[in-house]
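Text of the file query_4.cif, holding mmCIF, C-alpha atoms and all ligand atoms:
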```cif
data_model
#
loop_
_atom_site.group_PDB
_atom_site.id
_atom_site.type_symbol
_atom_site.label_atom_id
_atom_site.label_comp_id
_atom_site.auth_asym_id
_atom_site.auth_seq_id
_atom_site.Cartn_x
_atom_site.Cartn_y
_atom_site.Cartn_z
ATOM 1 C CA MET A 1 16.085 7.123 9.681
ATOM 2 C CA ASN A 2 15.876 10.744 10.820
ATOM 3 C CA GLU A 3 17.252 11.349 14.289
ATOM 4 C CA ARG A 4 14.162 12.450 16.133
ATOM 5 C CA LYS A 5 13.241 12.890 19.754
ATOM 6 C CA TYR A 6 10.218 10.903 20.785
ATOM 7 C CA GLU A 7 8.351 11.229 24.063
ATOM 8 C CA ALA A 8 6.147 8.164 24.192
ATOM 9 C CA ILE A 9 8.459 5.658 22.518
ATOM 10 C CA LEU A 10 12.153 4.750 22.634
ATOM 11 C CA VAL A 11 13.880 3.796 19.390
ATOM 12 C CA LYS A 12 17.216 1.973 19.326
ATOM 13 C CA GLN A 13 19.052 0.942 16.161
ATOM 14 C CA GLU A 14 21.936 -1.524 16.076
ATOM 15 C CA ASP A 15 23.362 -3.767 13.360
ATOM 16 C CA GLY A 16 20.213 -3.970 11.235
ATOM 17 C CA LEU A 17 17.868 -4.395 14.203
ATOM 18 C CA THR A 18 15.561 -1.568 15.286
ATOM 19 C CA THR A 19 13.895 -1.939 18.675
ATOM 20 C CA ILE A 20 10.921 0.238 19.542
ATOM 21 C CA ALA A 21 9.811 0.323 23.173
ATOM 22 C CA LEU A 22 6.470 1.839 24.136
ATOM 23 C CA ASN A 23 7.750 4.231 26.750
ATOM 24 C CA ARG A 24 5.098 5.240 29.245
ATOM 25 C CA PRO A 25 6.007 2.794 32.009
ATOM 26 C CA GLU A 26 4.359 4.980 34.661
ATOM 27 C CA LYS A 27 1.071 4.386 32.771
ATOM 28 C CA ARG A 28 1.924 0.735 32.045
ATOM 29 C CA ASN A 29 2.561 1.794 28.407
ATOM 30 C CA ALA A 30 -1.084 2.634 27.764
ATOM 31 C CA MET A 31 -1.444 4.088 24.274
ATOM 32 C CA SER A 32 -2.041 7.847 24.284
ATOM 33 C CA PRO A 33 -2.763 9.911 21.144
ATOM 34 C CA GLN A 34 0.873 11.052 21.293
ATOM 35 C CA LEU A 35 2.096 7.439 21.324
ATOM 36 C CA HIS A 36 -0.075 6.650 18.293
ATOM 37 C CA ARG A 37 1.315 9.687 16.446
ATOM 38 C CA GLU A 38 4.874 8.650 17.189
ATOM 39 C CA MET A 39 4.363 5.003 16.205
ATOM 40 C CA TYR A 40 2.723 6.103 12.961
ATOM 41 C CA GLN A 41 5.661 8.423 12.313
ATOM 42 C CA VAL A 42 8.442 5.977 13.119
ATOM 43 C CA LEU A 43 6.945 3.019 11.224
ATOM 44 C CA GLY A 44 6.358 5.277 8.224
ATOM 45 C CA GLU A 45 10.070 6.129 8.239
ATOM 46 C CA LEU A 46 11.355 2.627 8.952
ATOM 47 C CA ARG A 47 9.676 1.308 5.808
ATOM 48 C CA TYR A 48 12.339 3.130 3.785
ATOM 49 C CA ASP A 49 15.232 2.696 6.207
ATOM 50 C CA LYS A 50 17.814 0.428 4.612
ATOM 51 C CA ASP A 51 19.617 0.097 7.957
ATOM 52 C CA THR A 52 16.547 -1.581 9.477
ATOM 53 C CA ARG A 53 16.167 -5.215 8.456
ATOM 54 C CA VAL A 54 14.249 -6.501 11.494
ATOM 55 C CA ILE A 55 12.030 -4.661 13.989
ATOM 56 C CA VAL A 56 11.216 -5.599 17.601
ATOM 57 C CA ILE A 57 8.346 -3.913 19.453
ATOM 58 C CA THR A 58 8.311 -4.167 23.243
ATOM 59 C CA GLY A 59 7.377 -2.203 26.367
ATOM 60 C CA ALA A 60 9.594 -0.166 28.690
ATOM 61 C CA GLY A 61 9.574 -1.368 32.292
ATOM 62 C CA GLU A 62 7.389 -4.214 33.527
ATOM 63 C CA SER A 63 4.439 -3.791 31.150
ATOM 64 C CA PHE A 64 4.057 -4.476 27.426
ATOM 65 C CA CYS A 65 0.929 -2.393 26.818
ATOM 66 C CA ALA A 66 -2.087 -1.733 29.068
ATOM 67 C CA GLY A 67 -4.243 -1.003 25.995
ATOM 68 C CA GLN A 68 -5.605 2.374 25.027
ATOM 69 C CA ASP A 69 -5.056 5.161 27.530
ATOM 70 C CA LEU A 70 -8.514 5.151 29.070
ATOM 71 C CA LYS A 71 -8.307 8.817 29.987
ATOM 72 C CA GLN A 72 -6.449 10.355 27.060
ATOM 73 C CA TYR A 73 -7.747 8.132 24.246
ATOM 74 C CA PHE A 74 -11.365 7.976 25.432
ATOM 75 C CA LEU A 75 -12.413 10.571 28.024
ATOM 76 C CA GLU A 76 -10.293 13.450 26.711
ATOM 77 C CA MET A 77 -10.789 12.607 23.047
ATOM 78 C CA ASP A 78 -14.571 12.682 23.408
ATOM 79 C CA SER A 79 -14.388 16.474 23.745
ATOM 80 C CA GLN A 80 -11.976 16.972 20.824
ATOM 81 C CA PRO A 81 -13.180 18.171 17.398
ATOM 82 C CA GLU A 82 -14.244 15.352 15.083
ATOM 83 C CA SER A 83 -11.275 16.044 12.807
ATOM 84 C CA VAL A 84 -8.831 15.399 15.677
ATOM 85 C CA ARG A 85 -10.648 12.235 16.772
ATOM 86 C CA ASP A 86 -10.630 10.943 13.198
ATOM 87 C CA GLU A 87 -6.941 11.736 12.758
ATOM 88 C CA VAL A 88 -5.909 9.957 15.969
ATOM 89 C CA ARG A 89 -8.136 6.936 15.308
ATOM 90 C CA ARG A 90 -6.815 6.658 11.772
ATOM 91 C CA MET A 91 -3.200 6.614 12.923
ATOM 92 C CA ALA A 92 -4.019 4.268 15.823
ATOM 93 C CA ARG A 93 -5.627 1.838 13.417
ATOM 94 C CA LEU A 94 -3.035 2.047 10.668
ATOM 95 C CA TRP A 95 0.130 1.477 12.684
ATOM 96 C CA ARG A 96 -1.325 -1.532 14.505
ATOM 97 C CA ASN A 97 -2.640 -3.120 11.367
ATOM 98 C CA GLU A 98 -1.673 -2.527 7.770
ATOM 99 C CA MET A 99 1.482 -0.501 8.447
ATOM 100 C CA ILE A 100 3.114 -3.376 10.324
ATOM 101 C CA ARG A 101 1.649 -5.983 7.975
ATOM 102 C CA THR A 102 2.917 -4.205 4.854
ATOM 103 C CA LEU A 103 6.349 -3.270 6.204
ATOM 104 C CA PRO A 104 9.030 -5.004 4.160
ATOM 105 C CA GLN A 105 10.848 -5.964 7.367
ATOM 106 C CA PRO A 106 9.658 -8.732 9.709
ATOM 107 C CA VAL A 107 8.334 -7.403 13.025
ATOM 108 C CA ILE A 108 8.585 -9.282 16.320
ATOM 109 C CA ALA A 109 6.472 -8.454 19.384
ATOM 110 C CA MET A 110 8.489 -9.080 22.547
ATOM 111 C CA VAL A 111 5.744 -9.197 25.184
ATOM 112 C CA ASN A 112 7.422 -8.427 28.475
ATOM 113 C CA GLY A 113 4.414 -7.955 30.785
ATOM 114 C CA TRP A 114 0.793 -6.751 30.973
ATOM 115 C CA CYS A 115 -1.038 -6.896 27.650
ATOM 116 C CA PHE A 116 -4.625 -5.633 27.705
ATOM 117 C CA GLY A 117 -7.333 -4.647 25.231
ATOM 118 C CA GLY A 118 -5.862 -2.664 22.349
ATOM 119 C CA GLY A 119 -2.439 -4.090 23.242
ATOM 120 C CA PHE A 120 -3.657 -7.321 21.620
ATOM 121 C CA THR A 121 -3.703 -5.589 18.245
ATOM 122 C CA ILE A 122 0.044 -4.940 18.445
ATOM 123 C CA VAL A 123 0.598 -8.631 19.108
ATOM 124 C CA THR A 124 -1.696 -9.731 16.285
ATOM 125 C CA ALA A 125 -0.200 -7.228 13.823
ATOM 126 C CA CYS A 126 3.370 -8.373 14.422
ATOM 127 C CA ASP A 127 4.576 -11.285 12.303
ATOM 128 C CA ILE A 128 6.013 -13.142 15.296
ATOM 129 C CA ALA A 129 5.195 -12.749 18.999
ATOM 130 C CA ILE A 130 7.347 -14.020 21.866
ATOM 131 C CA ALA A 131 6.141 -13.509 25.436
ATOM 132 C CA ALA A 132 7.556 -13.977 28.913
ATOM 133 C CA GLU A 133 5.725 -16.870 30.565
ATOM 134 C CA ASP A 134 4.525 -14.599 33.367
ATOM 135 C CA ALA A 135 3.164 -11.918 31.012
ATOM 136 C CA VAL A 136 -0.568 -11.455 31.632
ATOM 137 C CA PHE A 137 -3.103 -10.995 28.834
ATOM 138 C CA GLY A 138 -6.699 -9.809 29.144
ATOM 139 C CA LEU A 139 -9.627 -8.419 27.176
ATOM 140 C CA SER A 140 -10.703 -6.202 30.037
ATOM 141 C CA GLU A 141 -13.185 -4.036 28.115
ATOM 142 C CA ILE A 142 -16.169 -6.007 29.436
ATOM 143 C CA ASN A 143 -15.025 -5.093 32.958
ATOM 144 C CA PHE A 144 -15.722 -1.406 32.298
ATOM 145 C CA GLY A 145 -18.956 -1.985 30.436
ATOM 146 C CA HIS A 146 -17.599 -1.831 26.888
ATOM 147 C CA PHE A 147 -16.538 -4.423 24.345
ATOM 148 C CA PRO A 148 -13.229 -4.983 22.493
ATOM 149 C CA GLY A 149 -13.902 -2.163 20.030
ATOM 150 C CA GLY A 150 -12.019 -0.478 17.209
ATOM 151 C CA GLU A 151 -9.774 -3.062 15.661
ATOM 152 C CA VAL A 152 -9.677 -5.546 18.532
ATOM 153 C CA THR A 153 -12.685 -7.736 17.742
ATOM 154 C CA ILE A 154 -11.910 -7.556 14.029
ATOM 155 C CA VAL A 155 -8.358 -8.862 14.313
ATOM 156 C CA LEU A 156 -9.193 -11.395 17.005
ATOM 157 C CA THR A 157 -11.970 -12.989 14.977
ATOM 158 C CA GLU A 158 -9.395 -13.424 12.203
ATOM 159 C CA GLN A 159 -6.822 -15.031 14.437
ATOM 160 C CA LEU A 160 -8.650 -16.892 17.239
ATOM 161 C CA GLN A 161 -11.252 -19.615 17.408
ATOM 162 C CA PRO A 162 -14.556 -18.345 18.885
ATOM 163 C CA LYS A 163 -14.432 -20.730 21.837
ATOM 164 C CA HIS A 164 -11.180 -19.022 22.798
ATOM 165 C CA GLY A 165 -11.612 -15.376 21.737
ATOM 166 C CA LEU A 166 -15.265 -15.019 22.637
ATOM 167 C CA PHE A 167 -14.639 -16.673 25.992
ATOM 168 C CA TYR A 168 -12.026 -14.081 26.952
ATOM 169 C CA ALA A 169 -14.006 -11.157 25.459
ATOM 170 C CA LEU A 170 -17.080 -12.160 27.461
ATOM 171 C CA THR A 171 -15.417 -12.980 30.765
ATOM 172 C CA GLY A 172 -12.546 -10.471 30.801
ATOM 173 C CA LYS A 173 -10.553 -13.203 32.543
ATOM 174 C CA THR A 174 -6.815 -12.761 32.412
ATOM 175 C CA PHE A 175 -4.616 -15.513 31.005
ATOM 176 C CA THR A 176 -0.973 -16.445 30.895
ATOM 177 C CA ALA A 177 1.462 -16.457 27.999
ATOM 178 C CA LYS A 178 1.314 -20.265 27.942
ATOM 179 C CA GLU A 179 -2.444 -20.008 27.318
ATOM 180 C CA ALA A 180 -1.820 -17.267 24.713
ATOM 181 C CA GLU A 181 0.497 -19.732 22.974
ATOM 182 C CA ARG A 182 -2.060 -22.545 23.200
ATOM 183 C CA ILE A 183 -4.826 -20.500 21.562
ATOM 184 C CA GLY A 184 -2.519 -19.166 18.836
ATOM 185 C CA LEU A 185 -2.389 -15.535 19.958
ATOM 186 C CA ILE A 186 1.401 -15.646 20.244
ATOM 187 C CA THR A 187 4.164 -17.713 18.684
ATOM 188 C CA LYS A 188 5.893 -18.843 21.853
ATOM 189 C CA ALA A 189 6.009 -18.353 25.633
ATOM 190 C CA VAL A 190 9.477 -18.463 27.169
ATOM 191 C CA PRO A 191 10.847 -18.115 30.703
ATOM 192 C CA ARG A 192 11.220 -14.431 31.561
ATOM 193 C CA GLU A 193 14.975 -14.738 31.997
ATOM 194 C CA ASN A 194 15.220 -16.029 28.395
ATOM 195 C CA LEU A 195 12.877 -13.502 26.761
ATOM 196 C CA GLN A 196 15.571 -11.183 25.469
ATOM 197 C CA GLU A 197 17.886 -13.970 24.379
ATOM 198 C CA GLU A 198 15.181 -15.975 22.573
ATOM 199 C CA THR A 199 13.890 -12.868 20.810
ATOM 200 C CA MET A 200 17.426 -11.969 19.720
ATOM 201 C CA GLU A 201 18.009 -15.503 18.476
ATOM 202 C CA ILE A 202 14.979 -15.127 16.180
ATOM 203 C CA ALA A 203 15.985 -11.596 15.164
ATOM 204 C CA ASN A 204 19.492 -12.834 14.288
ATOM 205 C CA ASN A 205 18.044 -15.674 12.246
ATOM 206 C CA LEU A 206 15.978 -13.123 10.284
ATOM 207 C CA LEU A 207 18.960 -10.805 9.878
ATOM 208 C CA GLU A 208 20.755 -13.598 8.005
ATOM 209 C CA LYS A 209 17.936 -13.856 5.472
ATOM 210 C CA ASP A 210 17.675 -12.100 2.143
ATOM 211 C CA PRO A 211 15.537 -8.952 2.752
ATOM 212 C CA LEU A 212 13.861 -9.250 -0.676
ATOM 213 C CA ALA A 213 12.746 -12.765 0.240
ATOM 214 C CA LEU A 214 11.514 -11.732 3.697
ATOM 215 C CA LYS A 215 9.389 -9.017 2.105
ATOM 216 C CA ALA A 216 8.024 -11.553 -0.381
ATOM 217 C CA VAL A 217 7.123 -14.027 2.372
ATOM 218 C CA LYS A 218 5.081 -11.373 4.170
ATOM 219 C CA GLU A 219 3.344 -10.205 1.007
ATOM 220 C CA ALA A 220 2.504 -13.731 -0.131
ATOM 221 C CA TRP A 221 1.221 -14.648 3.320
ATOM 222 C CA TYR A 222 -1.035 -11.665 3.950
ATOM 223 C CA TYR A 223 -2.315 -11.271 0.378
ATOM 224 C CA THR A 224 -3.173 -14.976 0.348
ATOM 225 C CA PHE A 225 -5.011 -14.609 3.628
ATOM 226 C CA TYR A 226 -7.113 -11.728 2.317
ATOM 227 C CA SER A 227 -7.743 -13.088 -1.214
ATOM 228 C CA PRO A 228 -9.737 -15.875 -2.837
ATOM 229 C CA PRO A 229 -7.436 -18.783 -3.867
ATOM 230 C CA ASP A 230 -7.211 -17.949 -7.593
ATOM 231 C CA VAL A 231 -6.364 -14.292 -6.890
ATOM 232 C CA ALA A 232 -3.844 -15.411 -4.269
ATOM 233 C CA TYR A 233 -2.224 -17.720 -6.815
ATOM 234 C CA GLU A 234 -1.854 -14.900 -9.348
ATOM 235 C CA ILE A 235 -0.426 -12.511 -6.749
ATOM 236 C CA SER A 236 1.954 -15.183 -5.533
ATOM 237 C CA THR A 237 3.175 -15.792 -9.105
ATOM 238 C CA LEU A 238 3.710 -12.069 -9.642
ATOM 239 C CA ILE A 239 5.646 -11.736 -6.388
ATOM 240 C CA SER A 240 7.781 -14.701 -7.393
ATOM 241 C CA GLN A 241 8.550 -13.183 -10.802
ATOM 242 C CA ARG A 242 9.408 -9.858 -9.199
ATOM 243 C CA VAL A 243 11.803 -11.441 -6.704
ATOM 244 C CA THR A 244 13.595 -13.351 -9.471
ATOM 245 C CA GLN A 245 13.883 -10.138 -11.496
ATOM 246 C CA GLN A 246 15.142 -8.159 -8.513
ATOM 247 C CA HIS A 247 17.805 -10.810 -7.919
ATOM 248 C CA GLY A 248 18.687 -10.930 -11.598
ATOM 249 C CA GLY A 249 18.180 -14.694 -11.479
ATOM 250 C CA ARG A 250 18.176 -17.220 -8.645
ATOM 251 C CA PRO A 251 21.440 -16.639 -6.726
ATOM 252 C CA GLY A 252 20.437 -18.843 -3.787
ATOM 253 C CA ILE A 253 19.759 -21.815 -6.041
ATOM 254 C CA GLN A 254 22.986 -21.125 -7.983
ATOM 255 C CA GLN A 255 24.947 -21.290 -4.730
ATOM 256 C CA PHE A 256 23.232 -24.580 -3.894
ATOM 257 C CA ALA A 257 24.125 -25.970 -7.341
ATOM 258 C CA LYS A 258 27.767 -25.025 -6.633
ATOM 259 C CA LYS A 259 27.546 -26.847 -3.284
ATOM 260 C CA GLN A 260 28.267 -23.623 -1.376
ATOM 261 C CA TYR A 261 25.699 -24.250 1.398
ATOM 262 C CA ARG A 262 22.782 -26.480 2.425
ATOM 263 C CA PRO A 263 19.458 -24.589 2.184
ATOM 264 C CA GLY A 264 17.884 -27.077 4.577
ATOM 265 C CA LEU A 265 20.258 -25.888 7.289
ATOM 266 C CA GLY A 266 20.656 -22.155 6.764
ATOM 267 C CA ALA A 267 20.436 -19.131 4.472
ATOM 268 C CA TYR A 268 22.482 -18.443 1.345
ATOM 269 C CA LYS A 269 24.919 -15.519 1.227
ATOM 270 C CA TRP A 270 22.888 -12.694 -0.273
ATOM 271 C CA GLU A 271 24.446 -9.475 -1.512
ATOM 272 C CA GLY A 272 23.226 -6.446 0.400
HETATM 273 N N1 LIG A 301 -5.193 3.878 30.567
HETATM 274 C C1 LIG A 301 -4.792 4.923 31.310
HETATM 275 N N2 LIG A 301 -4.008 4.799 32.412
HETATM 276 C C2 LIG A 301 -3.620 3.574 32.737
HETATM 277 C C3 LIG A 301 -3.998 2.420 32.005
HETATM 278 C C4 LIG A 301 -4.823 2.620 30.869
HETATM 279 N N3 LIG A 301 -5.193 1.600 30.066
HETATM 280 N N4 LIG A 301 -3.480 1.337 32.610
HETATM 281 C C5 LIG A 301 -2.783 1.791 33.666
HETATM 282 N N5 LIG A 301 -2.870 3.134 33.758
HETATM 283 C C6 LIG A 301 -2.281 4.036 34.740
HETATM 284 C C7 LIG A 301 -3.061 4.073 36.050
HETATM 285 O O1 LIG A 301 -4.144 4.948 35.962
HETATM 286 C C8 LIG A 301 -1.991 4.529 37.003
HETATM 287 O O2 LIG A 301 -1.819 5.915 36.825
HETATM 288 P P1 LIG A 301 -1.579 6.897 38.095
HETATM 289 O O3 LIG A 301 -0.305 6.387 38.715
HETATM 290 O O4 LIG A 301 -1.454 8.252 37.475
HETATM 291 O O5 LIG A 301 -2.761 6.708 38.974
HETATM 292 C C9 LIG A 301 -0.737 3.856 36.472
HETATM 293 O O6 LIG A 301 -1.011 3.538 35.110
HETATM 294 C C10 LIG A 301 -0.397 2.558 37.174
HETATM 295 O O7 LIG A 301 -1.561 1.750 37.176
HETATM 296 P P2 LIG A 301 -1.857 0.717 38.343
HETATM 297 O O8 LIG A 301 -3.245 0.226 38.139
HETATM 298 O O9 LIG A 301 -1.523 1.322 39.658
HETATM 299 O O10 LIG A 301 -0.761 -0.408 38.023
HETATM 300 P P3 LIG A 301 -0.753 -1.948 38.400
HETATM 301 O O11 LIG A 301 0.596 -2.433 38.005
HETATM 302 O O12 LIG A 301 -1.211 -2.159 39.806
HETATM 303 O O13 LIG A 301 -1.857 -2.618 37.444
HETATM 304 C C11 LIG A 301 -2.904 -2.988 35.283
HETATM 305 C C12 LIG A 301 -1.593 -2.711 36.058
HETATM 306 C C13 LIG A 301 -3.466 -4.355 35.681
HETATM 307 C C14 LIG A 301 -2.503 -2.951 33.817
HETATM 308 C C15 LIG A 301 -3.950 -1.881 35.625
HETATM 309 O O14 LIG A 301 -3.340 -0.613 35.536
HETATM 310 C C16 LIG A 301 -5.141 -1.900 34.706
HETATM 311 O O15 LIG A 301 -6.067 -2.666 34.906
HETATM 312 N N6 LIG A 301 -5.118 -1.040 33.651
HETATM 313 C C17 LIG A 301 -6.197 -0.993 32.688
HETATM 314 C C18 LIG A 301 -6.018 -2.087 31.647
HETATM 315 C C19 LIG A 301 -7.154 -2.078 30.652
HETATM 316 O O16 LIG A 301 -8.295 -2.273 31.020
HETATM 317 N N7 LIG A 301 -6.822 -1.889 29.359
HETATM 318 C C20 LIG A 301 -7.800 -1.916 28.286
HETATM 319 C C21 LIG A 301 -7.997 -0.539 27.813
HETATM 320 S S1 LIG A 301 -9.313 -0.505 26.618
HETATM 321 C C22 LIG A 301 -8.633 -0.748 25.115
HETATM 322 O O17 LIG A 301 -7.445 -0.895 24.993
HETATM 323 C C23 LIG A 301 -9.492 -0.804 23.856
#
```
Translate this file's structure into structure tokens.
Ligand code: ACO
Amino acid sequence: MNERKYEAILVKQEDGLTTIALNRPEKRNAMSPQLHREMYQVLGELRYDKDTRVIVITGAGESFCAGQDLKQYFLEMDSQPESVRDEVRRMARLWRNEMIRTLPQPVIAMVNGWCFGGGFTIVTACDIAIAAEDAVFGLSEINFGHFPGGEVTIVLTEQLQPKHGLFYALTGKTFTAKEAERIGLITKAVPRENLQEETMEIANNLLEKDPLALKAVKEAWYYTFYSPPDVAYEISTLISQRVTQQHGGRPGIQQFAKKQYRPGLGAYKWEG
């Protein structure tokens, strides 16, 4: 990845893991146009970065993401030329949806605090989401006379049952990470003191896995979700053929046949 100075995000790379922290703690990591530009830029680069095998997205300070920056993304953007508004909205949409979904690397949201409005779309876009038990979630748009616009309603109707999602969109009530886990918005709520450790445990698990297989899991999952069953079956077969070709066979199954490991208990030794 190019060494680049970012203002609204912090990027740290270590041993195959790239951590991106939204870095506007004084604004509770609300997403400004600049933050959207930088996320679009960095995710676009990470796709091709062979040193990045797992990505974690989190927030600097006590907040994960307070949603869109209500001043910079809405009030100030309203007076910008249409071309600028379109450009920012396009990037804002892409990085929190198909860019994360189509990245070859798995992406984990580590939700360390407040998560409001548009912040939900980061959580839903990531493949795995771990939150501190005392993180607070809320669809607050109703409280300022709007509705969860842009991508928010779209992704939430995909991922939540109406009796859960519609309830929170209508009431704007906040809820805990335990409740987020119950309704399927996140993977797991953990005690705050364990958040880092539990996230790293999952990241390390993923770092042991064959990157070609991780990419295939994501593709098969999301293409299946968005396709009718017969199309999904064909895509899945093609992905499977491609992975076998890329491996030049089935090295993991060969290692099993030679009794070199137990697939039920851990990953085979892939060649990087
Ligand atoms: N947009 C712009 N600025 C924000 C946002 C936001 N979404 N959230 C917080 N800030 C700013 C505040 O204006 C304040 O700035 P200032 O110090 O220059 O006055 C600073 O962050 C700290 O905010 P406080 O409210 O003082 O922080 P506190 O910790 O007490 O409360 C909370 C945090 C609950 C997140 C509160 O800031 C809040 O309600 N923010 C709005 C959350 C929201 O409604 N998000 C949805 C946006 S809409 C969408 O995403 C589609």
Since I can't run it myself right now, could you work out what the PyMOL selection byres (((chain A and resi 124) around 10) and not hetatm) selects here and report it as a VMD selection string?
chain A and resid 96 to 97 100 to 101 109 119 to 123 125 to 129 152 155 to 156 158 to 159 184 to 186
Sorted by chain and rising residue number, list the residues of chain A at most 8 Å from ligand LIG 301 (chain A) (counting all atoms listed in the file), each with its closest atom pair and distance in Å to one decimal, as CSV.
```
residue,atom,partner,partner_atom,distance
A:Pro25,CA,A:LIG301,O6,7.7
A:Glu26,CA,A:LIG301,C9,5.5
A:Lys27,CA,A:LIG301,O6,3.2
A:Arg28,CA,A:LIG301,O6,5.1
A:Asn29,CA,A:LIG301,N4,7.4
A:Ala30,CA,A:LIG301,N3,4.8
A:Met31,CA,A:LIG301,N1,7.3
A:Ser63,CA,A:LIG301,C14,7.5
A:Cys65,CA,A:LIG301,C14,7.8
A:Ala66,CA,A:LIG301,N3,4.7
A:Gly67,CA,A:LIG301,O17,3.4
A:Gln68,CA,A:LIG301,O17,3.8
A:Asp69,CA,A:LIG301,N1,3.3
A:Leu70,CA,A:LIG301,N1,3.9
A:Lys71,CA,A:LIG301,C1,5.4
A:Gln72,CA,A:LIG301,C1,7.1
A:Trp114,CA,A:LIG301,C14,5.8
A:Cys115,CA,A:LIG301,C14,7.5
A:Phe116,CA,A:LIG301,N7,4.6
A:Gly117,CA,A:LIG301,O17,3.8
A:Gly118,CA,A:LIG301,O17,3.6
A:Gly119,CA,A:LIG301,O17,6.2
A:Gly138,CA,A:LIG301,C19,7.9
A:Leu139,CA,A:LIG301,C20,6.8
A:Ser140,CA,A:LIG301,O16,4.7
A:Glu141,CA,A:LIG301,S1,5.4
A:Asn143,CA,A:LIG301,O16,7.5
A:Phe144,CA,A:LIG301,O16,7.6
A:Phe147,CA,A:LIG301,C23,7.9
A:Pro148,CA,A:LIG301,C23,5.8
A:Gly149,CA,A:LIG301,C23,6.0
A:Gly150,CA,A:LIG301,C23,7.1
A:Val152,CA,A:LIG301,C23,7.1
```
Give me the residues of region 183-232 of chain A that have any atom at most 8 Å from an atom of region 46-56 of chain A; for each, the nearest atom pair and the distance in Å, rounded to one decimal. Use all atoms listed in the file, sort by chain and number, and format it as CSV.
```
residue,atom,partner,partner_atom,distance
A:Ala203,CA,A:Val54,CA,6.5
A:Leu206,CA,A:Val54,CA,7.0
A:Leu207,CA,A:Arg53,CA,6.4
A:Pro211,CA,A:Arg53,CA,6.8
```
Running the PyMOL selection byres (((chain A and resi 12) around 12) and not hetatm) on this model by hand, what would come out? Give it as a PyMOL selection string.
chain A and resi 1+3-6+9-11+13-22+42+46+51-52+54-58
Those residues you just picked out, can you put them in a file as a JSON list (two decimals), in the frame of the given file with C-alpha atoms?
```json
[["chain", "number", "residue", "atom", "x", "y", "z"],
["A", 1, "MET", "CA", 16.08, 7.12, 9.68],
["A", 3, "GLU", "CA", 17.25, 11.35, 14.29],
["A", 4, "ARG", "CA", 14.16, 12.45, 16.13],
["A", 5, "LYS", "CA", 13.24, 12.89, 19.75],
["A", 6, "TYR", "CA", 10.22, 10.90, 20.78],
["A", 9, "ILE", "CA", 8.46, 5.66, 22.52],
["A", 10, "LEU", "CA", 12.15, 4.75, 22.63],
["A", 11, "VAL", "CA", 13.88, 3.80, 19.39],
["A", 13, "GLN", "CA", 19.05, 0.94, 16.16],
["A", 14, "GLU", "CA", 21.94, -1.52, 16.08],
["A", 15, "ASP", "CA", 23.36, -3.77, 13.36],
["A", 16, "GLY", "CA", 20.21, -3.97, 11.24],
["A", 17, "LEU", "CA", 17.87, -4.39, 14.20],
["A", 18, "THR", "CA", 15.56, -1.57, 15.29],
["A", 19, "THR", "CA", 13.90, -1.94, 18.68],
["A", 20, "ILE", "CA", 10.92, 0.24, 19.54],
["A", 21, "ALA", "CA", 9.81, 0.32, 23.17],
["A", 22, "LEU", "CA", 6.47, 1.84, 24.14],
["A", 42, "VAL", "CA", 8.44, 5.98, 13.12],
["A", 46, "LEU", "CA", 11.36, 2.63, 8.95],
["A", 51, "ASP", "CA", 19.62, 0.10, 7.96],
["A", 52, "THR", "CA", 16.55, -1.58, 9.48],
["A", 54, "VAL", "CA", 14.25, -6.50, 11.49],
["A", 55, "ILE", "CA", 12.03, -4.66, 13.99],
["A", 56, "VAL", "CA", 11.22, -5.60, 17.60],
["A", 57, "ILE", "CA", 8.35, -3.91, 19.45],
["A", 58, "THR", "CA", 8.31, -4.17, 23.24]]
```
Counting all atoms listed in the file, the residue of A:Leu265, A:Ala132, A:Ile253, A:Ala220 that sits nearest Gln196 (chain A)
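With all atoms listed in the file as the atom set, the closest residue is A:Ala132.
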Of the candidates A:Gln34, A:Arg24, A:Lys178, A:Glu219, which shows the shortest atom-to-atom distance to Pro104 (chain A), using all atoms listed in the file?
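Once distances to Pro104 (chain A) are computed over all atoms listed in the file, the minimum belongs to A:Glu219.
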Rounded to one decimal, what separation in Å do you get between CA of Arg90 (chain A) and CA of Glu45 (chain A)?
17.3 Å
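Selection by the PyMOL selection byres (((chain A and resi 239) around 12) and not hetatm) on the present file picks out Leu212, Ala213, Leu214, Lys215, Ala216, Val217, Lys218, Glu219, Ala220, Trp221, Tyr223, Thr224, Ala232, Tyr233, Glu234, Ile235, Ser236, Thr237, Leu238, Ser240, Gln241, Arg242, Val243, Thr244, Gln245 and Gln246 of chain A.
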Among listed residues A:Glu151, A:Asp210, A:Glu76, A:Glu133, nearest Leu94 (chain A) (using all atoms listed in the file):
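The closest residue to Leu94 (chain A) is A:Glu151.
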Quick one: axis-aligned box around all listed atoms of region 169-184 of chain A, 6 Å on every side, centre and edge lengths in Å to one decimal, written as lines of an AutoDock Vina configuration file.
```
center_x = -7.8
center_y = -16.5
center_z = 25.7
size_x = 30.5
size_y = 24.1
size_z = 25.7
```
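For the residues A:Trp270, A:Tyr40, A:Tyr73, A:Phe64, ranking by smallest atom-to-atom distance to Lys209 (chain A) using only C-alpha atoms places A:Trp270 first.
The two atoms in question, CA of Ala135 (chain A) and CA of Ala169 (chain A), are spaced 18.1 Å apart.
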Grab the CA of Met110 (chain A) to CA of Asn23 (chain A) distance for me, in Å with one decimal place.
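CA of Asn23 (chain A) lies 14.0 Å from CA of Met110 (chain A).
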Nearest to Gln255 (chain A) by atom-to-atom distance, counting all atoms listed in the file, from A:Gly172, A:Ala180, A:Glu208, A:Lys269
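Nearest to Gln255 (chain A): A:Lys269.
When all atoms listed in the file are used to compute distances to Val88 (chain A), the closest of the residues A:Ser32, A:Asn205, A:Asn112, A:Thr174 turns out to be A:Ser32.
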